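Student: One structure, pasted below without further comment.
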Amino acid sequence: MLIQWAYQLDEGRLLGVPAGFDALRFDVVAKPPEGEPFSGRLQLMMRVLLAERFKLVVHHETRELVAYTLTNDPGGPKVRALTTDEPAGPNPFRMSDSGTLIGTRVTADMLATVLSNQLGRPVQNTTGFAGPFDFTLRWAPDTGVVPGDGQDRPSLFTAIREQLGFRLVAARRPTDVVVVDHVEKTPTGN
């Protein structure tokens with residue numbers, strides 16, 4: 001999870017992780033620099049920590065993977081752009097329960113990133129939808145854990161089309177992946 005977060009990857013784009021690493025647990029205590037961190041700065045700091053403490057070495061490759069494109073449904077988007085320029089908060093997404101995603105002041109690019117994490121596959125935004133919007137998306141998760149009986153909830157793909165006016169289209173395409181060349185199970189000391 002730390003490597004995925006540091007390199008901003010969904011699980012389908014991180015390859016070569018040695019067996020058993022998903023069961024390891026660590027407490028990471030770090031102090032961020034003073035001031036407001038720029039976008040991606042904490043991830044860059046985590047990359048350095050992983051390289052120094054776990055001797056992590058990775059390389060990038062391009063591989064043909066199944067990926068999704070977020071497009072407009074023929075009827076057009078059902079979300080409406082907000083008219084103020086106020087930026088999204090530090091946590092613009094929240095899940096009130098399994099199968100309910102709420103977005104506040106998010107963009108279509110941000111939605112594509114969250115969907116990528118949910119689906120475990122890359123999602124590219126091609127909607128052309130400009131500006132932030134709010135939404136609540138409800139679907140029946142694959143885990144089978146749904147409040148109530150969940151019989152009235154559609155699949156995630158159907159929910160995106162019916163509730164947001166977007167579509168997810170699957171296709172094989174060249175995709176950037178990160179391959180782990182080396183990583184140690186025991187970190188070095190402070």
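Within each chain, counting starts at residue 1; across the structure tokens, chains are named A, B, ... in the order shown, with ligands numbered 1 upward in that order.
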Skip Phe21 of chain A itself and residues of its chain fewer than 3 positions away, then list as a list in words all residues within 10 Å of it, counting only C-alpha atoms.
Tutor: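 So, after excluding close chain neighbours, the residues are Met1, Val17, Pro18, Leu24, Arg25, Val183, Glu184 and Lys185 of chain A.
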Student: Could you take the residues named above and write them with C-alpha atoms, as a PDB file, in the first residue's frame?
Tutor:
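What ended up in selection21.pdb:
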ATOM      1  CA  MET A   1       0.000   0.000   0.000  1.00  0.00           C
ATOM      2  CA  VAL A  17       6.152  -7.245  -5.308  1.00  0.00           C
ATOM      3  CA  PRO A  18       7.622 -10.278  -3.499  1.00  0.00           C
ATOM      4  CA  LEU A  24       3.797  -6.999   6.556  1.00  0.00           C
ATOM      5  CA  ARG A  25       2.827  -4.071   8.757  1.00  0.00           C
ATOM      6  CA  VAL A 183      12.954  -4.405  -1.682  1.00  0.00           C
ATOM      7  CA  GLU A 184      13.936  -5.616   1.771  1.00  0.00           C
ATOM      8  CA  LYS A 185      11.448  -6.839   4.362  1.00  0.00           C
TER       9      LYS A 185
END
Student: Name the residues in contact with Leu65 of chain A at a cut-off of 9 Å, using only C-alpha atoms, excluding same-chain residues fewer than 3 positions from it; report them as a list in words.
Tutor: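 Those residues are Gly12, Arg13, Arg121, Pro122, Ala171, Arg172, Arg173, Pro174 and Thr175 of chain A.
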Student: How about saving the chosen residues, N, CA and C atoms kept, as a PDB file, in the first residue's frame?
Tutor:
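Output (selection.pdb):
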ATOM      1  N   GLY A  12      -3.199  -2.810  -9.978  1.00  0.00           N
ATOM      2  CA  GLY A  12      -2.915  -3.461 -11.249  1.00  0.00           C
ATOM      3  C   GLY A  12      -1.677  -2.931 -11.956  1.00  0.00           C
ATOM      4  N   ARG A  13      -1.134  -1.791 -11.487  1.00  0.00           N
ATOM      5  CA  ARG A  13       0.030  -1.205 -12.148  1.00  0.00           C
ATOM      6  C   ARG A  13       1.296  -1.318 -11.310  1.00  0.00           C
ATOM      7  N   ARG A 121      -7.744  -0.888 -11.743  1.00  0.00           N
ATOM      8  CA  ARG A 121      -7.289  -0.715 -13.137  1.00  0.00           C
ATOM      9  C   ARG A 121      -7.181   0.778 -13.424  1.00  0.00           C
ATOM     10  N   PRO A 122      -6.301   1.157 -14.339  1.00  0.00           N
ATOM     11  CA  PRO A 122      -6.211   2.576 -14.699  1.00  0.00           C
ATOM     12  C   PRO A 122      -7.525   3.088 -15.303  1.00  0.00           C
ATOM     13  N   ALA A 171     -10.792  -1.290 -22.469  1.00  0.00           N
ATOM     14  CA  ALA A 171     -10.003  -1.590 -23.665  1.00  0.00           C
ATOM     15  C   ALA A 171      -8.580  -1.928 -23.229  1.00  0.00           C
ATOM     16  N   ARG A 172      -7.902  -2.729 -24.028  1.00  0.00           N
ATOM     17  CA  ARG A 172      -6.477  -2.990 -23.783  1.00  0.00           C
ATOM     18  C   ARG A 172      -5.697  -1.827 -24.382  1.00  0.00           C
ATOM     19  N   ARG A 173      -4.775  -1.275 -23.575  1.00  0.00           N
ATOM     20  CA  ARG A 173      -3.967  -0.177 -24.090  1.00  0.00           C
ATOM     21  C   ARG A 173      -2.618  -0.148 -23.388  1.00  0.00           C
ATOM     22  N   PRO A 174      -1.624   0.458 -24.032  1.00  0.00           N
ATOM     23  CA  PRO A 174      -0.320   0.586 -23.392  1.00  0.00           C
ATOM     24  C   PRO A 174      -0.461   1.400 -22.104  1.00  0.00           C
ATOM     25  N   THR A 175       0.073   0.870 -21.013  1.00  0.00           N
ATOM     26  CA  THR A 175      -0.094   1.492 -19.707  1.00  0.00           C
ATOM     27  C   THR A 175       1.237   1.492 -18.968  1.00  0.00           C
TER      28      THR A 175
END
Student: DSSP on the backbone: which residues in segment 88-138 of chain A end up as alpha helix (DSSP H)? Give the answer as a list in words.
Tutor: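 Written out, the alpha helix (DSSP H) residues of segment 88-138 of chain A are Ala108, Asp109, Met110, Leu111, Ala112, Thr113, Val114, Leu115, Ser116, Asn117, Gln118 and Leu119 of chain A.
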Student: Residues of the last selection are to be written out with C-alpha atoms, as a compact mmCIF listing (two decimals), in the first residue's frame.
Tutor:
# COMPACT_ATOMS: atom_id res chain seq x y z
CA ALA A 108 -13.69 14.43 -13.50
CA ASP A 109 -9.93 13.77 -13.29
CA MET A 110 -10.23 13.28 -9.51
CA LEU A 111 -13.19 10.94 -10.05
CA ALA A 112 -11.16 8.91 -12.57
CA THR A 113 -8.37 8.50 -9.99
CA VAL A 114 -10.79 7.29 -7.30
CA LEU A 115 -12.46 4.91 -9.75
CA SER A 116 -9.03 3.57 -10.70
CA ASN A 117 -8.42 2.70 -7.05
CA GLN A 118 -11.88 1.15 -6.72
CA LEU A 119 -11.51 -0.98 -9.87
Student: If we count only C-alpha atoms, what is near Phe157 of chain A at a cut-off of 12 Å, once residues fewer than 5 positions away on the same chain are taken out, given as a short mmCIF file (atom, residue, chain, number, x, y, z; two decimals) with N, CA and C atoms, in the first residue's frame?
Tutor:
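Result went into out-v7.cif, see below:
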data_model
loop_
_atom_site.label_atom_id
_atom_site.label_comp_id
_atom_site.auth_asym_id
_atom_site.auth_seq_id
_atom_site.Cartn_x
_atom_site.Cartn_y
_atom_site.Cartn_z
N TYR A 68 -9.62 1.43 -18.32
CA TYR A 68 -10.92 2.05 -18.57
C TYR A 68 -10.76 3.49 -19.00
N THR A 69 -11.70 3.93 -19.81
CA THR A 69 -11.80 5.33 -20.18
C THR A 69 -13.13 5.84 -19.63
N LEU A 70 -13.08 6.95 -18.90
CA LEU A 70 -14.29 7.60 -18.40
C LEU A 70 -14.73 8.57 -19.48
N THR A 71 -15.89 8.31 -20.07
CA THR A 71 -16.42 9.13 -21.16
C THR A 71 -17.80 9.64 -20.80
N ASP A 73 -21.76 9.76 -21.24
CA ASP A 73 -22.85 8.93 -21.73
C ASP A 73 -23.52 9.69 -22.87
N LEU A 115 -11.93 6.10 -9.10
CA LEU A 115 -12.46 4.91 -9.75
C LEU A 115 -11.34 3.92 -10.07
N GLN A 118 -10.75 2.04 -7.00
CA GLN A 118 -11.88 1.15 -6.72
C GLN A 118 -11.84 -0.08 -7.62
N LEU A 119 -11.49 0.11 -8.89
CA LEU A 119 -11.51 -0.98 -9.87
C LEU A 119 -10.20 -1.75 -9.95
N LEU A 137 -22.80 8.70 -5.30
CA LEU A 137 -22.88 7.53 -6.17
C LEU A 137 -23.16 6.31 -5.30
N ARG A 138 -24.23 5.58 -5.63
CA ARG A 138 -24.61 4.37 -4.87
C ARG A 138 -24.66 3.18 -5.81
N TRP A 139 -23.97 2.09 -5.41
CA TRP A 139 -23.95 0.87 -6.21
C TRP A 139 -23.83 -0.34 -5.30
N ALA A 140 -24.03 -1.51 -5.87
CA ALA A 140 -23.88 -2.77 -5.13
C ALA A 140 -22.43 -3.22 -5.29
N PRO A 141 -21.63 -3.17 -4.21
CA PRO A 141 -20.23 -3.57 -4.33
C PRO A 141 -20.08 -5.06 -4.57
N ASP A 142 -18.97 -5.43 -5.20
CA ASP A 142 -18.70 -6.83 -5.49
C ASP A 142 -18.52 -7.67 -4.23
N GLU A 162 -26.08 5.83 -14.95
CA GLU A 162 -27.41 6.32 -14.58
C GLU A 162 -27.37 7.53 -13.65
N GLN A 163 -26.44 7.56 -12.72
CA GLN A 163 -26.44 8.61 -11.69
C GLN A 163 -25.55 9.81 -12.04
N LEU A 164 -24.48 9.59 -12.80
CA LEU A 164 -23.57 10.69 -13.11
C LEU A 164 -23.59 11.10 -14.58
N GLY A 165 -24.07 10.22 -15.45
CA GLY A 165 -24.10 10.53 -16.87
C GLY A 165 -22.76 10.32 -17.55
N PHE A 166 -21.91 9.48 -16.94
CA PHE A 166 -20.63 9.10 -17.54
C PHE A 166 -20.67 7.60 -17.82
N ARG A 167 -19.68 7.11 -18.58
CA ARG A 167 -19.56 5.68 -18.85
C ARG A 167 -18.12 5.26 -18.66
N LEU A 168 -17.93 4.00 -18.27
CA LEU A 168 -16.60 3.40 -18.22
C LEU A 168 -16.50 2.42 -19.38
N VAL A 169 -15.52 2.63 -20.26
CA VAL A 169 -15.33 1.78 -21.43
C VAL A 169 -13.99 1.07 -21.26
N ALA A 170 -14.02 -0.27 -21.32
CA ALA A 170 -12.81 -1.07 -21.15
C ALA A 170 -12.13 -1.31 -22.49
#
Student: Report the distance between atom CA of Lys55 of chain A and atom CA of Pro33 of chain A in Å, rounded to one decimal place.
Tutor: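 Between atom CA of Lys55 of chain A and atom CA of Pro33 of chain A the gap works out to 22.9 Å.
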Student: At a cut-off of 10 Å, using only C-alpha atoms, what residues contact Asp85 of chain A? Leave out same-chain residues fewer than 6 positions from it and give the result as a list of chain:residue names.
Tutor: A:Arg105, A:Gly131, A:Pro132
Student: Quick one: DSSP strand (DSSP E) residues in chain A, as a count of residues only?
Tutor: 56
Student: Compile the contact shell of Arg94 of chain A as a VMD selection string: residues with an atom at most 7 Å away, counting only C-alpha atoms, same-chain residues fewer than 3 positions apart removed.
Tutor: chain A and resid 101 to 103
Student: May I have the residues from that selection written out with N, CA and C atoms, as a CSV table (one decimal), in the first residue's frame?
Tutor:
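What ended up in out07.csv:
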chain,number,residue,atom,x,y,z
A,101,LEU,N,-20.3,6.4,-2.5
A,101,LEU,CA,-19.2,7.3,-2.6
A,101,LEU,C,-19.7,8.7,-2.8
A,102,ILE,N,-19.2,9.7,-2.0
A,102,ILE,CA,-19.7,11.0,-2.0
A,102,ILE,C,-18.5,11.9,-2.4
A,103,GLY,N,-18.7,12.7,-3.4
A,103,GLY,CA,-17.6,13.7,-3.8
A,103,GLY,C,-18.1,15.1,-3.6
Student: From the list A:Gly40, A:Pro90, A:Gly16, A:Gly76, which residue is nearest Gly128 of chain A when using only C-alpha atoms?
Tutor: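 Going through A:Gly40, A:Pro90, A:Gly16, A:Gly76 one by one, the smallest distance to Gly128 of chain A is for A:Gly76.
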Student: Using only C-alpha atoms, which of the listed residues (A:His60, A:Ala67, A:Val178, A:Glu52) sits closest to Val123 of chain A?
Tutor: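 Closest to Val123 of chain A, using only C-alpha atoms: A:Ala67.
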Student: Neighbouring residues of segment 29-32 of chain A were defined as those with any atom within 12 Å, considering only C-alpha atoms; residues of the same chain fewer than 2 positions away were excluded. Please report them as a PyMOL selection string.
Tutor: chain A and resi 26-27+34-38+41-46+48-49+190
Student: Name all residues at most 12 Å from Thr107 of chain A (count only C-alpha atoms; drop same-chain ones fewer than 5 positions away) and give them as number ranges by chain.
Tutor: A: 79-82, 87-88, 92-93, 112-114, 125-135
